[in-house]
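**Student:** Got a file for you: input.cif, mmCIF, C-alpha atoms.
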```cif
data_input
loop_
_atom_site.label_atom_id
_atom_site.label_comp_id
_atom_site.auth_asym_id
_atom_site.auth_seq_id
_atom_site.Cartn_x
_atom_site.Cartn_y
_atom_site.Cartn_z
CA MET B 1 117.95 -22.30 50.24
CA VAL B 2 114.84 -20.49 51.37
CA ALA B 3 112.49 -22.92 53.09
CA ALA B 4 109.08 -21.88 54.29
CA LEU B 5 108.22 -22.88 57.79
CA VAL B 6 105.04 -24.72 58.59
CA ALA B 7 102.15 -22.27 58.30
CA LEU B 8 100.53 -21.40 61.58
CA THR B 9 96.97 -22.51 62.13
CA VAL B 10 94.56 -19.66 62.72
CA PRO B 11 93.28 -19.93 66.29
CA GLY B 12 89.77 -21.20 66.55
CA ALA B 13 87.56 -23.75 68.18
CA GLY B 14 89.47 -26.82 69.22
CA LEU B 15 92.84 -25.10 69.59
CA ARG B 16 93.88 -25.64 73.18
CA ALA B 17 95.68 -22.94 75.12
CA ALA B 18 99.29 -23.55 76.11
CA ASP B 19 100.07 -23.43 79.84
CA PHE B 20 103.61 -23.44 81.24
CA SER B 21 102.64 -23.23 84.91
CA GLY B 22 105.36 -24.66 87.14
CA ARG B 23 107.64 -25.40 84.20
CA VAL B 24 111.25 -24.44 83.49
CA ILE B 25 112.10 -23.36 79.93
CA SER B 26 115.69 -23.68 78.77
CA MET B 27 116.82 -21.00 76.35
CA MET B 28 119.91 -22.49 74.73
CA ILE B 29 122.48 -19.91 73.66
CA PRO B 30 125.26 -21.69 71.72
CA PHE B 31 127.97 -19.27 72.83
CA LYS B 32 129.86 -18.43 75.99
CA GLU B 33 128.69 -15.75 78.38
CA GLY B 34 129.39 -12.12 77.57
CA GLY B 35 128.84 -11.91 73.82
CA GLY B 36 125.99 -10.34 71.87
CA SER B 37 123.85 -13.49 71.76
CA ASP B 38 124.24 -14.07 75.48
CA THR B 39 123.32 -10.43 76.19
CA TRP B 40 120.29 -10.73 73.92
CA GLY B 41 119.11 -13.96 75.52
CA ARG B 42 119.54 -12.75 79.09
CA PHE B 43 117.72 -9.50 78.35
CA ASN B 44 114.70 -11.31 76.86
CA ALA B 45 114.43 -14.25 79.27
CA PRO B 46 112.70 -12.40 82.15
CA TYR B 47 110.10 -10.91 79.81
CA LEU B 48 109.27 -14.26 78.27
CA SER B 49 108.89 -15.60 81.79
CA ARG B 50 106.58 -12.73 82.69
CA TYR B 51 104.30 -13.01 79.65
CA LEU B 52 104.19 -16.69 78.71
CA PRO B 53 101.02 -18.32 80.11
CA GLY B 54 101.68 -19.77 83.54
CA ARG B 55 104.72 -17.52 84.09
CA PRO B 56 107.36 -20.24 83.73
CA THR B 57 110.98 -19.83 84.76
CA VAL B 58 113.10 -19.12 81.69
CA VAL B 59 116.75 -20.05 82.18
CA VAL B 60 119.55 -19.16 79.76
CA ARG B 61 121.87 -22.11 79.21
CA ASN B 62 125.14 -21.41 77.41
CA VAL B 63 126.27 -24.33 75.24
CA PRO B 64 129.41 -23.05 73.46
CA GLY B 65 131.60 -24.82 70.95
CA GLY B 66 132.36 -24.72 67.24
CA GLY B 67 131.25 -21.11 66.88
CA SER B 68 127.68 -22.15 67.88
CA ILE B 69 127.60 -25.32 65.78
CA SER B 70 127.92 -27.65 68.79
CA GLY B 71 124.95 -26.14 70.62
CA ALA B 72 122.78 -26.02 67.50
CA ASN B 73 123.63 -29.65 66.73
CA ARG B 74 122.66 -30.62 70.27
CA PHE B 75 119.38 -28.74 70.01
CA ALA B 76 118.57 -30.40 66.69
CA ALA B 77 119.26 -33.84 68.12
CA ARG B 78 117.61 -33.51 71.54
CA ALA B 79 115.00 -30.74 71.70
CA ARG B 80 111.41 -31.92 72.02
CA PRO B 81 108.48 -30.09 70.39
CA ASP B 82 107.01 -29.04 73.74
CA GLY B 83 108.19 -25.42 73.97
CA LEU B 84 110.39 -26.20 76.97
CA THR B 85 113.64 -25.89 75.02
CA VAL B 86 114.21 -23.00 72.63
CA LEU B 87 117.35 -22.07 70.71
CA GLY B 88 118.69 -18.60 70.14
CA THR B 89 120.59 -18.72 66.86
CA SER B 90 122.98 -16.14 65.49
CA ALA B 91 124.32 -15.48 62.03
CA SER B 92 127.30 -17.55 63.20
CA THR B 93 124.80 -20.42 63.30
CA GLN B 94 123.27 -19.51 59.94
CA PHE B 95 126.50 -19.03 57.98
CA PRO B 96 127.95 -22.54 58.41
CA TYR B 97 124.55 -23.90 57.32
CA LEU B 98 124.55 -21.66 54.24
CA MET B 99 128.16 -22.55 53.42
CA GLY B 100 127.73 -26.32 53.70
CA ASP B 101 130.08 -26.66 56.66
CA PRO B 102 130.51 -30.43 57.19
CA ARG B 103 130.21 -30.03 60.98
CA VAL B 104 126.59 -28.89 60.68
CA ARG B 105 123.99 -31.46 61.72
CA TYR B 106 121.02 -29.09 61.82
CA ASP B 107 118.64 -27.79 59.19
CA TYR B 108 116.71 -24.56 59.48
CA ARG B 109 113.87 -26.22 57.61
CA ASP B 110 113.35 -28.34 60.72
CA TRP B 111 112.62 -25.31 62.92
CA ARG B 112 109.88 -22.74 63.45
CA VAL B 113 110.62 -19.12 64.24
CA LEU B 114 109.21 -17.55 67.40
CA MET B 115 111.02 -14.20 67.36
CA ALA B 116 113.58 -12.46 65.17
CA TYR B 117 115.93 -9.60 65.78
CA GLY B 118 118.17 -7.58 63.54
CA THR B 119 121.24 -5.85 64.84
CA GLY B 120 124.33 -3.95 63.80
CA GLY B 121 127.99 -4.04 64.60
CA VAL B 122 130.88 -1.66 65.21
CA VAL B 123 134.58 -2.05 64.37
CA TYR B 124 137.02 -0.58 66.85
CA VAL B 125 140.77 -0.60 67.45
CA SER B 126 143.15 -0.27 70.35
CA SER B 127 143.96 3.32 71.24
CA ARG B 128 147.63 2.24 71.39
CA LEU B 129 147.67 2.22 67.58
CA GLY B 130 147.28 5.99 67.53
CA ILE B 131 144.39 5.80 65.07
CA ALA B 132 141.72 8.45 65.55
CA ASP B 133 139.14 7.43 62.93
CA HIS B 134 138.56 5.29 59.84
CA ALA B 135 140.82 7.54 57.75
CA GLY B 136 143.69 6.72 60.05
CA LEU B 137 142.93 3.04 59.66
CA ALA B 138 143.28 3.29 55.90
CA GLN B 139 146.54 5.21 56.20
CA SER B 140 147.99 2.49 58.42
CA ALA B 141 147.15 -0.34 56.03
CA SER B 142 150.74 -1.58 56.21
CA GLU B 143 150.61 -1.93 60.01
CA PRO B 144 149.91 -5.44 61.30
CA LEU B 145 146.51 -5.79 62.86
CA LEU B 146 145.44 -8.84 64.90
CA TYR B 147 141.82 -10.01 64.81
CA GLY B 148 140.32 -13.00 66.65
CA SER B 149 137.68 -15.06 64.86
CA GLN B 150 135.34 -17.90 65.74
CA GLY B 151 135.98 -19.49 62.35
CA PRO B 152 135.92 -18.82 58.61
CA THR B 153 132.26 -19.82 58.15
CA SER B 154 130.98 -17.93 61.20
CA LEU B 155 129.54 -14.41 61.28
CA ASP B 156 133.18 -13.31 61.37
CA LEU B 157 133.14 -13.87 57.62
CA VAL B 158 131.66 -10.35 57.37
CA PRO B 159 134.47 -8.48 59.17
CA VAL B 160 137.28 -10.62 57.75
CA LEU B 161 136.06 -10.01 54.20
CA ALA B 162 135.52 -6.32 54.99
CA PHE B 163 139.14 -6.00 56.10
CA LYS B 164 140.23 -7.62 52.84
CA LEU B 165 138.09 -5.22 50.80
CA LEU B 166 139.76 -2.29 52.58
CA GLY B 167 143.22 -3.68 51.84
CA LEU B 168 144.17 -3.92 55.52
CA ASN B 169 147.05 -6.02 56.75
CA VAL B 170 145.03 -8.13 59.20
CA ARG B 171 146.19 -11.41 60.63
CA THR B 172 143.13 -13.44 61.54
CA ILE B 173 143.46 -15.89 64.42
CA PHE B 174 140.79 -18.59 64.28
CA GLY B 175 139.46 -20.71 67.11
CA LEU B 176 137.80 -18.22 69.46
CA SER B 177 134.69 -19.49 71.23
CA GLY B 178 132.68 -16.35 70.52
CA ARG B 179 132.78 -12.59 70.14
CA GLY B 180 132.90 -12.23 73.90
CA ALA B 181 136.20 -14.11 73.87
CA GLY B 182 137.42 -11.76 71.16
CA ARG B 183 136.65 -8.73 73.28
CA LEU B 184 138.40 -10.20 76.30
CA ALA B 185 141.49 -10.93 74.18
CA PHE B 186 141.33 -7.32 72.96
CA GLU B 187 141.19 -6.08 76.56
CA ARG B 188 144.24 -8.20 77.41
CA GLY B 189 146.16 -6.60 74.55
CA GLU B 190 146.38 -9.83 72.55
CA LEU B 191 144.32 -8.33 69.68
CA ASN B 192 144.25 -4.75 68.44
CA ILE B 193 141.22 -4.72 66.13
CA ASP B 194 137.80 -6.14 66.94
CA TYR B 195 134.13 -5.79 66.25
CA GLN B 196 131.10 -6.52 68.39
CA THR B 197 127.43 -6.70 67.59
CA SER B 198 125.42 -3.79 68.94
CA THR B 199 124.26 -5.50 72.12
CA ALA B 200 127.77 -6.41 73.27
CA TYR B 201 129.24 -3.16 71.95
CA LEU B 202 126.85 -0.99 73.95
CA ARG B 203 127.32 -3.02 77.10
CA ASN B 204 131.00 -3.91 77.03
CA VAL B 205 132.91 -1.75 74.54
CA VAL B 206 131.51 1.72 75.17
CA PRO B 207 133.12 1.67 78.67
CA LEU B 208 136.46 0.85 77.02
CA ILE B 209 136.04 3.83 74.72
CA GLU B 210 135.09 6.11 77.60
CA HIS B 211 138.18 4.93 79.46
CA GLY B 212 140.40 5.68 76.48
CA ASP B 213 141.32 2.07 75.68
CA ALA B 214 139.45 1.73 72.38
CA VAL B 215 138.56 3.89 69.37
CA PRO B 216 135.39 3.27 67.30
CA LEU B 217 135.91 3.42 63.53
CA PHE B 218 132.76 2.48 61.66
CA SER B 219 129.58 0.44 61.82
CA TRP B 220 128.43 -2.08 59.25
CA GLY B 221 125.35 0.05 58.66
CA THR B 222 121.77 -1.07 58.17
CA LEU B 223 119.28 -1.39 55.31
CA ASP B 224 116.55 1.14 54.61
CA GLU B 225 113.15 0.24 53.19
CA HIS B 226 114.67 0.09 49.69
CA GLY B 227 117.45 -2.29 50.69
CA THR B 228 120.07 0.45 50.52
CA LEU B 229 122.96 0.50 52.97
CA VAL B 230 122.63 3.50 55.30
CA ARG B 231 124.02 4.58 58.65
CA ASP B 232 122.98 2.55 61.64
CA PRO B 233 120.47 4.59 63.70
CA SER B 234 122.10 3.26 66.87
CA PHE B 235 125.42 4.81 65.78
CA PRO B 236 124.51 7.79 63.58
CA ASP B 237 127.86 9.51 64.11
CA LEU B 238 129.83 6.58 62.70
CA PRO B 239 130.19 6.04 58.94
CA HIS B 240 128.89 2.75 57.59
CA PHE B 241 131.16 0.30 55.83
CA GLY B 242 130.13 1.46 52.36
CA GLU B 243 131.22 5.01 53.19
CA VAL B 244 134.58 3.76 54.44
CA TYR B 245 135.04 1.63 51.31
CA GLU B 246 134.38 4.67 49.10
CA SER B 247 136.74 6.81 51.20
CA VAL B 248 139.55 4.26 50.85
CA HIS B 249 139.11 3.46 47.15
CA GLY B 250 137.77 6.76 45.84
CA ARG B 251 134.80 5.08 44.17
CA ALA B 252 131.42 3.65 45.07
CA PRO B 253 131.40 0.00 46.16
CA GLY B 254 130.91 -2.55 43.41
CA GLY B 255 132.10 -5.83 41.92
CA ILE B 256 131.62 -9.45 42.92
CA ALA B 257 133.68 -9.15 46.12
CA TRP B 258 131.53 -6.26 47.35
CA GLU B 259 128.33 -8.01 46.22
CA SER B 260 129.35 -11.11 48.16
CA TRP B 261 130.11 -9.08 51.28
CA PHE B 262 126.76 -7.33 50.97
CA ALA B 263 124.87 -10.62 50.55
CA PHE B 264 126.37 -12.13 53.70
CA PHE B 265 126.02 -8.87 55.62
CA THR B 266 122.31 -8.90 54.72
CA ALA B 267 121.93 -12.50 55.87
CA GLY B 268 123.93 -11.84 59.01
CA PHE B 269 122.86 -8.51 60.48
CA PRO B 270 119.35 -7.38 59.48
CA ALA B 271 118.52 -11.05 60.19
CA GLN B 272 120.94 -11.53 63.05
CA LYS B 273 119.20 -13.53 65.76
CA LEU B 274 116.32 -16.00 65.69
CA LEU B 275 114.52 -17.78 68.51
CA VAL B 276 113.38 -21.18 67.24
CA VAL B 277 111.66 -24.40 68.27
CA PRO B 278 111.41 -27.79 66.49
CA ARG B 279 109.13 -27.81 63.47
CA GLN B 280 106.68 -30.26 65.08
CA THR B 281 105.93 -27.85 67.95
CA PRO B 282 102.13 -27.44 68.19
CA ASP B 283 100.50 -24.22 67.06
CA ASP B 284 99.20 -23.33 70.52
CA ILE B 285 102.73 -23.26 71.91
CA VAL B 286 104.06 -21.19 69.01
CA LEU B 287 101.15 -18.77 69.36
CA ALA B 288 101.78 -18.47 73.10
CA TYR B 289 105.36 -17.37 72.42
CA GLN B 290 104.24 -14.95 69.73
CA ASP B 291 101.66 -13.42 72.04
CA ALA B 292 104.28 -13.12 74.78
CA VAL B 293 106.62 -11.23 72.43
CA ARG B 294 103.84 -8.87 71.36
CA ALA B 295 102.99 -8.25 75.02
CA PHE B 296 106.48 -7.66 76.37
CA ARG B 297 107.31 -5.22 73.59
CA LEU B 298 104.78 -2.90 75.28
CA ASP B 299 106.11 -3.45 78.79
CA PRO B 300 107.36 -0.10 80.23
CA GLU B 301 110.36 -1.77 81.84
CA TYR B 302 111.29 -3.44 78.55
CA LEU B 303 110.90 -0.17 76.66
CA ALA B 304 113.03 1.69 79.21
CA GLY B 305 115.91 -0.78 78.96
CA LYS B 306 115.86 -2.10 75.41
CA THR B 307 117.80 0.63 73.61
CA ALA B 308 120.65 0.64 76.10
CA ALA B 309 120.81 -3.16 76.11
CA LEU B 310 120.12 -4.05 72.48
CA GLY B 311 120.25 -0.87 70.44
CA GLY B 312 117.52 0.75 68.39
CA TYR B 313 116.30 -2.38 66.63
CA GLU B 314 112.87 -3.95 66.84
CA GLN B 315 112.23 -7.53 67.88
CA VAL B 316 109.49 -9.04 65.74
CA THR B 317 107.33 -12.13 65.63
CA GLY B 318 104.75 -13.73 63.32
CA ALA B 319 104.94 -12.83 59.63
CA ALA B 320 107.69 -10.27 60.18
CA ALA B 321 109.85 -12.90 61.84
CA GLN B 322 109.20 -15.25 58.93
CA THR B 323 110.45 -12.60 56.51
CA ILE B 324 113.65 -12.18 58.51
CA TYR B 325 114.06 -15.97 58.65
CA GLU B 326 113.99 -16.10 54.86
CA LEU B 327 116.50 -13.27 54.64
CA ALA B 328 118.81 -15.14 57.02
CA THR B 329 118.74 -18.39 55.07
CA ASP B 330 118.95 -17.20 51.48
CA VAL B 331 122.22 -16.06 49.90
CA PRO B 332 122.72 -15.91 46.10
CA ALA B 333 124.64 -18.85 44.69
CA SER B 334 127.14 -16.48 43.04
CA ALA B 335 128.04 -14.96 46.42
CA THR B 336 128.38 -18.35 48.08
CA ALA B 337 130.62 -19.61 45.26
CA TRP B 338 132.84 -16.52 45.41
CA VAL B 339 133.21 -16.73 49.18
CA LYS B 340 134.09 -20.43 49.01
CA ASP B 341 136.82 -19.63 46.45
CA TRP B 342 138.11 -16.81 48.66
CA LEU B 343 138.23 -19.03 51.75
CA ARG B 344 140.03 -21.72 49.77
CA GLU B 345 142.63 -19.28 48.41
CA ASP B 346 143.25 -17.17 51.53
CA PHE B 347 142.72 -19.66 54.34
CA ARG B 348 142.90 -23.10 52.70
CA VAL B 349 139.37 -23.82 53.86
CA ARG B 350 137.59 -26.27 51.59
CA LEU B 351 133.82 -26.61 51.73
CA GLU B 352 131.53 -28.82 49.70
CA ASP B 353 130.02 -27.23 46.59
#
```
Please, can you express the file's structure as structure tokens?

**Tutor:**
Amino acid sequence: MVAALVALTVPGAGLRAADFSGRVISMMIPFKEGGGSDTWGRFNAPYLSRYLPGRPTVVVRNVPGGGSISGANRFAARARPDGLTVLGTSASTQFPYLMGDPRVRYDYRDWRVLMAYGTGGVVYVSSRLGIADHAGLAQSASEPLLYGSQGPTSLDLVPVLAFKLLGLNVRTIFGLSGRGAGRLAFERGELNIDYQTSTAYLRNVVPLIEHGDAVPLFSWGTLDEHGTLVRDPSFPDLPHFGEVYESVHGRAPGGIAWESWFAFFTAGFPAQKLLVVPRQTPDDIVLAYQDAVRAFRLDPEYLAGKTAALGGYEQVTGAAAQTIYELATDVPASATAWVKDWLREDFRVRLED
């Protein structure tokens, strides 16, 4: 599934400089307002505007539907290779592509990566459940829990499978337009367990916790330089999912179900968000975006606000972004096959093999 993007031409004589003076750039975010992708896009847009040549206006345009599939399909069909329309994808865009979802009309091989961003996520529950920590969650495995999902092939595959691995009695309600919609349903009392990616968690869930309406349980964790699951540096006081698994089962994680979860977690969180343009986009435009990312990462205002807005994760470009792209679009065939069987058995979801 890994597909190398077109190699960038080394700048030299004859390579014209991109100029966006007087132009408006549309950053398509294929989700509703208020979720992690929307937060990410709106945080980055002003800095791209500031550092792209010509200081264009960068406008975030939310194009929700199908758990991001509708917006990504529209981008694939309509975006021109002129740098004036960029797409912010999420793992909820990547997963349907990886799983062969028949609604997908886009191909990551047709895109070039401008910037990549890894993130984490935190699971939390309603304080009305009387659960104080992850141990209490395990003890209440017989209690009905309600979780809202964008769809079985979205990034929600990671939490839904995690709940199964913990043996929780979770009823998953499909059809939400995004994680922001899930949080709002949680706030209305319609759901009692939820997770948000770090950006949305820091911005929208921490106030719920401070107000006594929600209780954080665990993070998914992150990968160290050896590919080992470790605690998320943005949430060092929370156990990662592997620790919770071991606490519940009394043994270290293992087996095909765990390996499948880990494979999709790896594709979904360390490689969570990508900013892309059509593959035919000229090198000078791609290089202009890459230079803008390198520049704004040193901006004092960006540095002062990034951790609170996005968490302690680095946004990368160039070769590092290419590596994350490959991570996001490569899942072992054994994991994909197991997940397809699981979706067929538990949710009657049938996907092409």

**Student:** Between B:Met28, B:Val170, B:Ala267, B:Ala292, which one has atoms that come closest to B:Arg78, using all atoms listed in the file?

**Tutor:**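 Looking at the shortest contact to B:Arg78, the residue is B:Met28.
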
**Student:** What are the closest atom pairs, with distances in Å to one decimal, for all residues of stretch 130-188 of chain B lying within 8 Å of stretch 234-253 of chain B? Consider all atoms listed in the file, order rows by chain and residue number, and present the result as a tab-separated table.

**Tutor:**
```
residue	atom	partner	partner_atom	distance
B:His134	CA	B:Val244	CA	6.9
B:Ala135	CA	B:Val248	CA	7.7
B:Ala138	CA	B:Val248	CA	6.4
B:Ala162	CA	B:Phe241	CA	8.0
B:Leu165	CA	B:Tyr245	CA	7.5
B:Leu166	CA	B:Tyr245	CA	6.3
```

**Student:** Counting only C-alpha atoms, which of B:Leu191, B:Leu155, B:Ala45, B:Val104 gets nearest to B:Val125?

**Tutor:** B:Leu191

**Student:** What do you get, as a list of chain:residue names, if you spell out every residue that the PyMOL selection byres ((chain B and resi 198) around 8) selects here?

**Tutor:** B:Gly36, B:Thr119, B:Gly120, B:Gly121, B:Val122, B:Gln196, B:Thr197, B:Thr199, B:Ala200, B:Tyr201, B:Leu202, B:Leu310, B:Gly311

**Student:** Suppose a student applies the PyMOL selection byres ((chain B and resi 280) around 10) to this structure; what residues should they get, written as a VMD selection string?

**Tutor:** chain B and resid 6 80 to 82 110 to 112 277 to 279 281 to 283

**Student:** Step by step: start from the point (107.3, -23.4, 86.4) in the file's coordinates, keep every protein, DNA or RNA residue that has an atom no farther than 9 Å from it, count only C-alpha atoms, and write the set as a PyMOL selection string.

**Tutor:** chain B and resi 20-25+54-58

**Student:** Please, which residues are within 7 Å of (125.8, -13.0, 50.7) by the file's coordinates, counting all atoms listed in the file, and could they come as a VMD selection string?

**Tutor:** chain B and resid 260 to 267 331 to 332 335 to 336

**Student:** From the set B:Tyr108, B:Tyr97, B:Tyr302, B:Phe75, which residue has the shortest atom-to-atom contact distance to B:Arg61, counting all atoms listed in the file?

**Tutor:**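 Using all atoms listed in the file, the shortest distance to B:Arg61 belongs to B:Phe75.
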
**Student:** Enter the distance from atom CA of B:Arg188 to atom CA of B:Leu217, in Å, rounded to one decimal.

**Tutor:**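 Distance reported for this atom pair: 19.9 Å.
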
**Student:** Evaluate the PyMOL selection byres ((chain B and resi 329) around 10) and record the selected residues as a list in words, following the chain and residue labels used in the document.

**Tutor:**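 So the PyMOL selection byres ((chain B and resi 329) around 10) ends up selecting Met1, Val2, Ala3, Ala91, Gln94, Phe95, Tyr97, Leu98, Tyr108, Arg109, Phe264, Ala267, Gly268, Ala271, Ile324, Tyr325, Glu326, Leu327, Ala328, Asp330 and Val331 of chain B.
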
**Student:** Which of these, B:Gln290, B:Gln272, B:Thr222, B:Thr93, has the shortest distance to B:Gly318 once you count only C-alpha atoms?

**Tutor:**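 The shortest atom-to-atom distance to B:Gly318 comes from B:Gln290.
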
**Student:** For stretch 301-321 of chain B, which lacks atoms in the input, supply N, CA, C and O atoms and format the output as a compact mmCIF listing (two decimals), in the coordinates of the input.

**Tutor:**
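Result file out.txt:
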```
# COMPACT_ATOMS: atom_id res chain seq x y z
N GLU B 301 109.00 -1.44 81.42
CA GLU B 301 110.36 -1.77 81.84
C GLU B 301 111.20 -2.21 80.65
O GLU B 301 112.38 -1.83 80.52
N TYR B 302 110.60 -3.01 79.77
CA TYR B 302 111.29 -3.44 78.55
C TYR B 302 111.64 -2.22 77.69
O TYR B 302 112.77 -2.09 77.22
N LEU B 303 110.68 -1.33 77.50
CA LEU B 303 110.90 -0.17 76.66
C LEU B 303 111.98 0.74 77.24
O LEU B 303 112.77 1.34 76.50
N ALA B 304 112.03 0.82 78.56
CA ALA B 304 113.03 1.69 79.21
C ALA B 304 114.43 1.14 79.07
O ALA B 304 115.40 1.91 79.02
N GLY B 305 114.58 -0.19 78.98
CA GLY B 305 115.91 -0.78 78.96
C GLY B 305 116.39 -1.29 77.63
O GLY B 305 117.58 -1.56 77.47
N LYS B 306 115.49 -1.42 76.64
CA LYS B 306 115.86 -2.10 75.41
C LYS B 306 116.95 -1.38 74.63
O LYS B 306 117.91 -2.00 74.16
N THR B 307 116.84 -0.08 74.45
CA THR B 307 117.80 0.63 73.61
C THR B 307 119.20 0.54 74.18
O THR B 307 120.17 0.28 73.46
N ALA B 308 119.32 0.72 75.49
CA ALA B 308 120.65 0.64 76.10
C ALA B 308 121.21 -0.77 76.02
O ALA B 308 122.42 -0.96 75.87
N ALA B 309 120.34 -1.77 76.10
CA ALA B 309 120.81 -3.16 76.11
C ALA B 309 121.02 -3.72 74.71
O ALA B 309 122.01 -4.42 74.45
N LEU B 310 120.10 -3.40 73.79
CA LEU B 310 120.12 -4.05 72.48
C LEU B 310 120.31 -3.09 71.31
O LEU B 310 120.57 -3.54 70.19
N GLY B 311 120.18 -1.81 71.54
CA GLY B 311 120.25 -0.87 70.44
C GLY B 311 118.86 -0.53 69.92
O GLY B 311 117.85 -1.01 70.43
N GLY B 312 118.80 0.28 68.90
CA GLY B 312 117.52 0.75 68.39
C GLY B 312 116.93 -0.13 67.33
O GLY B 312 116.51 0.33 66.27
N TYR B 313 116.83 -1.42 67.59
CA TYR B 313 116.30 -2.38 66.63
C TYR B 313 115.06 -3.04 67.22
O TYR B 313 114.98 -3.28 68.43
N GLU B 314 114.11 -3.36 66.37
CA GLU B 314 112.87 -3.95 66.84
C GLU B 314 112.95 -5.46 66.83
O GLU B 314 113.52 -6.06 65.91
N GLN B 315 112.38 -6.08 67.86
CA GLN B 315 112.23 -7.53 67.88
C GLN B 315 110.84 -7.85 67.35
O GLN B 315 109.85 -7.26 67.79
N VAL B 316 110.75 -8.78 66.43
CA VAL B 316 109.49 -9.04 65.74
C VAL B 316 109.11 -10.50 65.86
O VAL B 316 109.94 -11.36 66.17
N THR B 317 107.84 -10.77 65.59
CA THR B 317 107.33 -12.13 65.63
C THR B 317 106.34 -12.30 64.49
O THR B 317 106.13 -11.39 63.69
N GLY B 318 105.75 -13.49 64.36
CA GLY B 318 104.75 -13.73 63.32
C GLY B 318 105.31 -13.60 61.91
O GLY B 318 106.42 -14.05 61.62
N ALA B 319 104.54 -12.94 61.04
CA ALA B 319 104.94 -12.83 59.63
C ALA B 319 106.24 -12.05 59.46
O ALA B 319 107.05 -12.38 58.59
N ALA B 320 106.45 -11.04 60.28
CA ALA B 320 107.69 -10.27 60.18
C ALA B 320 108.90 -11.13 60.51
O ALA B 320 109.95 -11.02 59.87
N ALA B 321 108.76 -11.99 61.50
CA ALA B 321 109.85 -12.90 61.84
C ALA B 321 110.11 -13.89 60.72
O ALA B 321 111.25 -14.26 60.43
```
